[in-house]
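Note sheet for the following structure.
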Amino acid sequence: MNNERKHIGFIEQGTVIDHIHNESIFKIIRILKLDYSQALVFVGFNLDSKRISKKGLIKIEEIFLDDETLSKIALIAPDATINIIKDSKVTEKKKLILPDSFQGLMKCTNYNCITNKENVHTKFLVQDKINRIFQCYFCETKIHDNEIEIIREIKEKT
Amino acid sequence: MNFINRDVISISDFSKEEILFILDTAEKIENKGSFGLLNDKILAVLFFEPSTRTRLSFESAMHRLGGRVLGFSDYLSTSTKKGESLHDTIKMVENYADIIVIRHFLDGAARLAADATEKPIINAGDGSNQHPTQTLLDLFTIRKLHGKIDTLHIGFVGDLKYGRTVHSLAAALSHFNVQLYFISPETLKMPKHLLEELSAKNIQYIVSDKIEEFIPKLDVLYATRIQQERFADRNEYEKVKDSYILTKKMLHDAKPTLKILHPLPRVNEISRELDDTPYAAYFEQAKYGVVVRKAIIGLLAGVYK
C-alpha cells in the first residue's frame, strides 16, 4: 500500500488536486481560501508518486472548482491534475489550462509599477503559455515563472 | 485608418502601417497652416513629474492647431499629494478636456489612466516604461533626414540598460529592415530580453563596448546620457564616462551623411564642437517633435484623416 492510501482520508463528493509540488501546496490553500473554509480538507506532503518524485495532494469534500479557479491553479501548479469525485469514484479528470490574461492574482515584480503604489488590481497578459512568461498589463514588465509572487486575494479575517 | 479617440500608450500598440500613417500625416501637415482647426477643443496636460521640453512641445502643438491647453506641471500642487488616486484625477479631468496628455513617474500610469476614461489618453512618459510620441518623432526625424528607414545602419550609444527611448525606438525599428549597433559599457548593456525580441524578428544587431570601429558604418547615431547614479561603483563610472563622449575627432571616419540624434537634455555626452557640423540633428529632432505631436492630436481629434 502506498503512503497516500494508508494516510490520507477518502472523500465521497468533491475535488482532488493531485501531483502538486510541495512548494505550491500552501499557495493553493491560500488561493482556494481553504484555511477559512468549513469544508473537510485533507492535505498531504511527500506522498509517493510515479510522475514526480514526491508529490503533494489536496482533497476537498463537497467543493467543485470553477474554470476561473482552475486557471489560477494552472498559474501556480501547472503539473497538477484535477479529479472530480462523485459517489467516492473519479468521474472526471480536468486539464489545467493557462488563461490568456488574469487579474489580481499575482504581484508585479516591478517596484515602480503603479499597481505596487496605488490601490489597483494587477492584471497580466500570458505572453508565452509554454515557457510561462507573463506581461504586466500596466507597466509591460515581463515576469518569468520563477518570479511569480502570489497575492493573497481575500482580506484577513478580523 | 481610424485614429479617432484612440489612446497612445505604448509603441507596441501600433502596427507598422499605423506608425507609417502617423509619420505620413506629420509629413503632409508639416508646411501647412493649421490655425483654428481645433478651436473648440481642449487638451489637458497633466505632468506628475517635470519635463519642460515634452510639455512645451505638446502645448505648442495644440496652440498651433488653434486649441486650448489646461493642466499642471507641478505634482505637489495637485490633490494627488492629498492622496487622490490617479483614477479619480482622470475621472475629474475627463469633464474638462477632450484629449488628455499624461506624464507620470510610475510605470503603467498611462495605461491605468486610459482604462479610467473614454477620452483619448496620450502617454508622455510613464516612469521608465514608454514614451511613444518620442519614438514616433525619432522615427520621423530619421526618415526626414535620410529619406528612408529601411537599409539604414543605426547605432545606439550610452545607457542602453535603462534608456526608455532606446528600448522603444529599437522595438519600433524592428518593423524595418535595419542593421542596429548597441554600444555601451558592460554594466549598461541593452537588456537581454529586448535583444531576443529583435532576434525573433530577424533584425541584425551588434553589441559592443567600443564605439570607434563602428562609426564609419553608421547612418544614424542615437546618443543617450550615462548617469552616474546608475553605477554602484564610482570608480567604474569614472573609468567609462569619457569613452562615450562624441567629439569631432571621434567622427573622423564617419560618413558625411551621419546624423546624431539625442532625446535631450544633453549634459556632456555630445561635445558642443559638433553643434555646428552637419552631423548634429538633435535640435532639428526637437523641432520635429511639435509636428509629430500635432499630427497625433489631430488624428485623435479626427481633423486629420
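Residues in the C-alpha cells are numbered from 1 in each chain, the chains being A, B, ... in the order shown, and ligands are numbered from 1 in the order shown.
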
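Distance criterion 6 Å to chain B, applied with only C-alpha atoms, yields A:Asn112, A:Cys113, A:Ile114, A:Phe138, A:Cys139 on chain A.
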
Segment 30-123 of chain A residues near segment 8-14 of chain A within 12 Å, closest pair each, using only C-alpha atoms, as a Markdown table:
```
| residue | atom | partner | partner_atom | distance |
| --- | --- | --- | --- | --- |
| A:Ala39 | CA | A:Gly14 | CA | 9.9 |
| A:Leu40 | CA | A:Ile11 | CA | 8.5 |
| A:Val41 | CA | A:Ile11 | CA | 8.9 |
| A:Phe42 | CA | A:Ile8 | CA | 6.7 |
| A:Val43 | CA | A:Ile8 | CA | 7.7 |
| A:Gly44 | CA | A:Ile8 | CA | 7.0 |
| A:Phe45 | CA | A:Ile8 | CA | 10.2 |
| A:Asn46 | CA | A:Ile8 | CA | 11.8 |
| A:Leu47 | CA | A:Ile8 | CA | 9.6 |
| A:Asp48 | CA | A:Ile8 | CA | 11.9 |
| A:Gly56 | CA | A:Ile8 | CA | 11.1 |
| A:Leu57 | CA | A:Ile8 | CA | 9.2 |
| A:Ile58 | CA | A:Ile8 | CA | 9.5 |
| A:Lys59 | CA | A:Ile11 | CA | 7.1 |
| A:Ile60 | CA | A:Gly14 | CA | 5.7 |
| A:Glu61 | CA | A:Gly14 | CA | 4.5 |
| A:Glu62 | CA | A:Gly14 | CA | 4.4 |
| A:Ile63 | CA | A:Gly14 | CA | 5.0 |
| A:Phe64 | CA | A:Gly14 | CA | 5.7 |
| A:Leu65 | CA | A:Gly14 | CA | 8.9 |
| A:Ile82 | CA | A:Gly14 | CA | 10.5 |
| A:Asn83 | CA | A:Gly14 | CA | 8.5 |
| A:Ile84 | CA | A:Gly14 | CA | 6.0 |
| A:Ile85 | CA | A:Gln13 | CA | 5.1 |
| A:Lys86 | CA | A:Gln13 | CA | 4.6 |
| A:Asp87 | CA | A:Glu12 | CA | 5.2 |
| A:Ser88 | CA | A:Glu12 | CA | 4.1 |
| A:Lys89 | CA | A:Glu12 | CA | 7.5 |
| A:Val90 | CA | A:Gln13 | CA | 9.4 |
| A:Thr91 | CA | A:Gln13 | CA | 10.1 |
| A:Glu92 | CA | A:Gly14 | CA | 10.9 |
```

Which of chain A fall in strand (DSSP E), as an MDAnalysis selection string
chainID A and resid 14:20 41:48 54:61 81:86 89:94 101:103 123:128 133:136 142:144

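Across the structure, atom CA of Gly66 of chain B and atom CA of Ser34 of chain B are spaced 7.3 Å apart.
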
Measure the distance from atom CA of Arg164 of chain B to atom CA of Thr52 of chain B in Å and round it to one decimal.
17.6 Å

Can you tell me, as a list in words, what residues are no more than 7 Å from Phe124 of chain A when counting only C-alpha atoms, ignoring any on the same chain fewer than 2 positions away?
Ser101, Phe102, Gln103, Thr122, Val126, Phe134, Gln135, Cys136 and Tyr137 of chain A

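Distances to Phe156 of chain B were evaluated for B:Ile99, B:Arg143, B:Ile260, B:His252 using only C-alpha atoms, and the minimum falls at B:Ile260.
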
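Shortest atom-to-atom contact with Val120 of chain A among A:His144, A:His7, A:Arg51, A:Lys107: A:Lys107, counting only C-alpha atoms.
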
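Around Glu18 of chain B, within 12 Å and counting only C-alpha atoms, the residues found are B:Met1, B:Asn2, B:Phe3, B:Arg6, B:Val8, B:Ile11, B:Ser12, B:Asp13, B:Phe14, B:Ser15, B:Phe21, B:Ile22, B:Leu23, B:Asp24, B:Thr25, B:Leu136, B:Ala172, B:His175, B:Ile296, B:Leu299, once anything fewer than 3 positions away on its own chain is removed.
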
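Nearest-residue note for Tyr111 of chain A: choosing from A:Lys123, A:Asp18, A:Arg30, A:Thr141, the minimum distance belongs to A:Thr141, counting only C-alpha atoms.
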
DSSP on the backbone: which residues in segment 36-105 of chain A end up as alpha helix (DSSP H)? Give the answer as a ChimeraX atom specification.
/A:67-76

Write a file of the just-selected residues containing C-alpha atoms, as a PDB file, in the first residue's frame.
```
ATOM      1  CA  ASP A  67     -12.857  27.347 -14.568  1.00  0.00           C
ATOM      2  CA  GLU A  68     -11.536  30.618 -13.185  1.00  0.00           C
ATOM      3  CA  THR A  69     -10.240  28.891 -10.080  1.00  0.00           C
ATOM      4  CA  LEU A  70      -8.714  26.126 -12.191  1.00  0.00           C
ATOM      5  CA  SER A  71      -6.846  28.700 -14.252  1.00  0.00           C
ATOM      6  CA  LYS A  72      -5.460  30.152 -11.042  1.00  0.00           C
ATOM      7  CA  ILE A  73      -4.177  26.713 -10.061  1.00  0.00           C
ATOM      8  CA  ALA A  74      -2.697  26.393 -13.555  1.00  0.00           C
ATOM      9  CA  LEU A  75      -0.688  29.506 -12.812  1.00  0.00           C
ATOM     10  CA  ILE A  76       0.978  28.206  -9.680  1.00  0.00           C
TER      11      ILE A  76
END
```

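Among the candidates A:Asn2, A:Pro99, A:Asp79, A:Ile17, the one nearest to Ile29 of chain A when counting only C-alpha atoms is A:Ile17.
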
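Near Lys144 of chain B, within 10 Å and counting only C-alpha atoms, sit B:Leu23, B:Glu27, B:Asp138, B:Leu139, B:Ile149, B:Gln285, B:Tyr288, not including residues fewer than 5 positions from it in the same chain.
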
Pull N, CA, C and O atoms from the residues just selected and write them as a PDB file, in the first residue's frame.
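Below is the file that was written, selection_4.pdb:
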```pdb
ATOM      1  N   LEU B  23       3.497  59.009 -39.386  1.00  0.00           N
ATOM      2  CA  LEU B  23       4.636  59.740 -39.963  1.00  0.00           C
ATOM      3  C   LEU B  23       4.226  60.461 -41.249  1.00  0.00           C
ATOM      4  O   LEU B  23       4.608  61.611 -41.486  1.00  0.00           O
ATOM      5  N   GLU B  27       4.245  64.453 -42.053  1.00  0.00           N
ATOM      6  CA  GLU B  27       4.930  64.955 -43.255  1.00  0.00           C
ATOM      7  C   GLU B  27       4.003  65.859 -44.078  1.00  0.00           C
ATOM      8  O   GLU B  27       4.393  66.926 -44.539  1.00  0.00           O
ATOM      9  N   ASP B 138      11.322  60.356 -33.165  1.00  0.00           N
ATOM     10  CA  ASP B 138      12.645  59.832 -33.533  1.00  0.00           C
ATOM     11  C   ASP B 138      12.590  59.185 -34.922  1.00  0.00           C
ATOM     12  O   ASP B 138      13.456  59.414 -35.767  1.00  0.00           O
ATOM     13  N   LEU B 139      11.554  58.375 -35.143  1.00  0.00           N
ATOM     14  CA  LEU B 139      11.401  57.722 -36.453  1.00  0.00           C
ATOM     15  C   LEU B 139      11.198  58.773 -37.544  1.00  0.00           C
ATOM     16  O   LEU B 139      11.761  58.679 -38.639  1.00  0.00           O
ATOM     17  N   ILE B 149      13.900  54.619 -43.919  1.00  0.00           N
ATOM     18  CA  ILE B 149      14.354  53.946 -42.689  1.00  0.00           C
ATOM     19  C   ILE B 149      15.020  52.612 -43.055  1.00  0.00           C
ATOM     20  O   ILE B 149      16.056  52.245 -42.505  1.00  0.00           O
ATOM     21  N   GLN B 285      15.607  67.470 -34.404  1.00  0.00           N
ATOM     22  CA  GLN B 285      14.779  66.392 -33.845  1.00  0.00           C
ATOM     23  C   GLN B 285      13.745  66.989 -32.875  1.00  0.00           C
ATOM     24  O   GLN B 285      12.565  66.641 -32.923  1.00  0.00           O
ATOM     25  N   TYR B 288      10.982  68.657 -34.803  1.00  0.00           N
ATOM     26  CA  TYR B 288      10.018  67.731 -35.392  1.00  0.00           C
ATOM     27  C   TYR B 288       9.039  67.178 -34.350  1.00  0.00           C
ATOM     28  O   TYR B 288       7.972  66.681 -34.695  1.00  0.00           O
TER      29      TYR B 288
END
```

For Ile102 of chain B, please output as a short mmCIF file (atom, residue, chain, number, x, y, z; two decimals) with C-alpha atoms, in the first residue's frame all residues within 9 Å (counting only C-alpha atoms; exclusion window: fewer than 4 positions along the same chain).
```cif
data_model
loop_
_atom_site.label_atom_id
_atom_site.label_comp_id
_atom_site.auth_asym_id
_atom_site.auth_seq_id
_atom_site.Cartn_x
_atom_site.Cartn_y
_atom_site.Cartn_z
CA ALA B 44 -5.32 68.60 -20.69
CA VAL B 45 -1.60 68.33 -19.99
CA LEU B 46 -1.10 66.51 -16.69
CA PHE B 47 2.55 66.39 -15.67
CA PHE B 48 3.05 64.49 -12.43
CA ALA B 109 0.26 55.05 -15.03
CA ALA B 110 -0.78 55.91 -18.59
CA ALA B 113 -5.44 56.46 -16.95
CA ILE B 121 -5.01 59.44 -23.39
CA ILE B 122 -1.56 60.25 -24.77
CA ASN B 123 1.34 58.87 -22.75
CA ALA B 124 4.07 61.49 -22.45
CA GLY B 125 6.26 59.13 -20.45
CA ASP B 126 5.31 56.71 -17.65
#
```
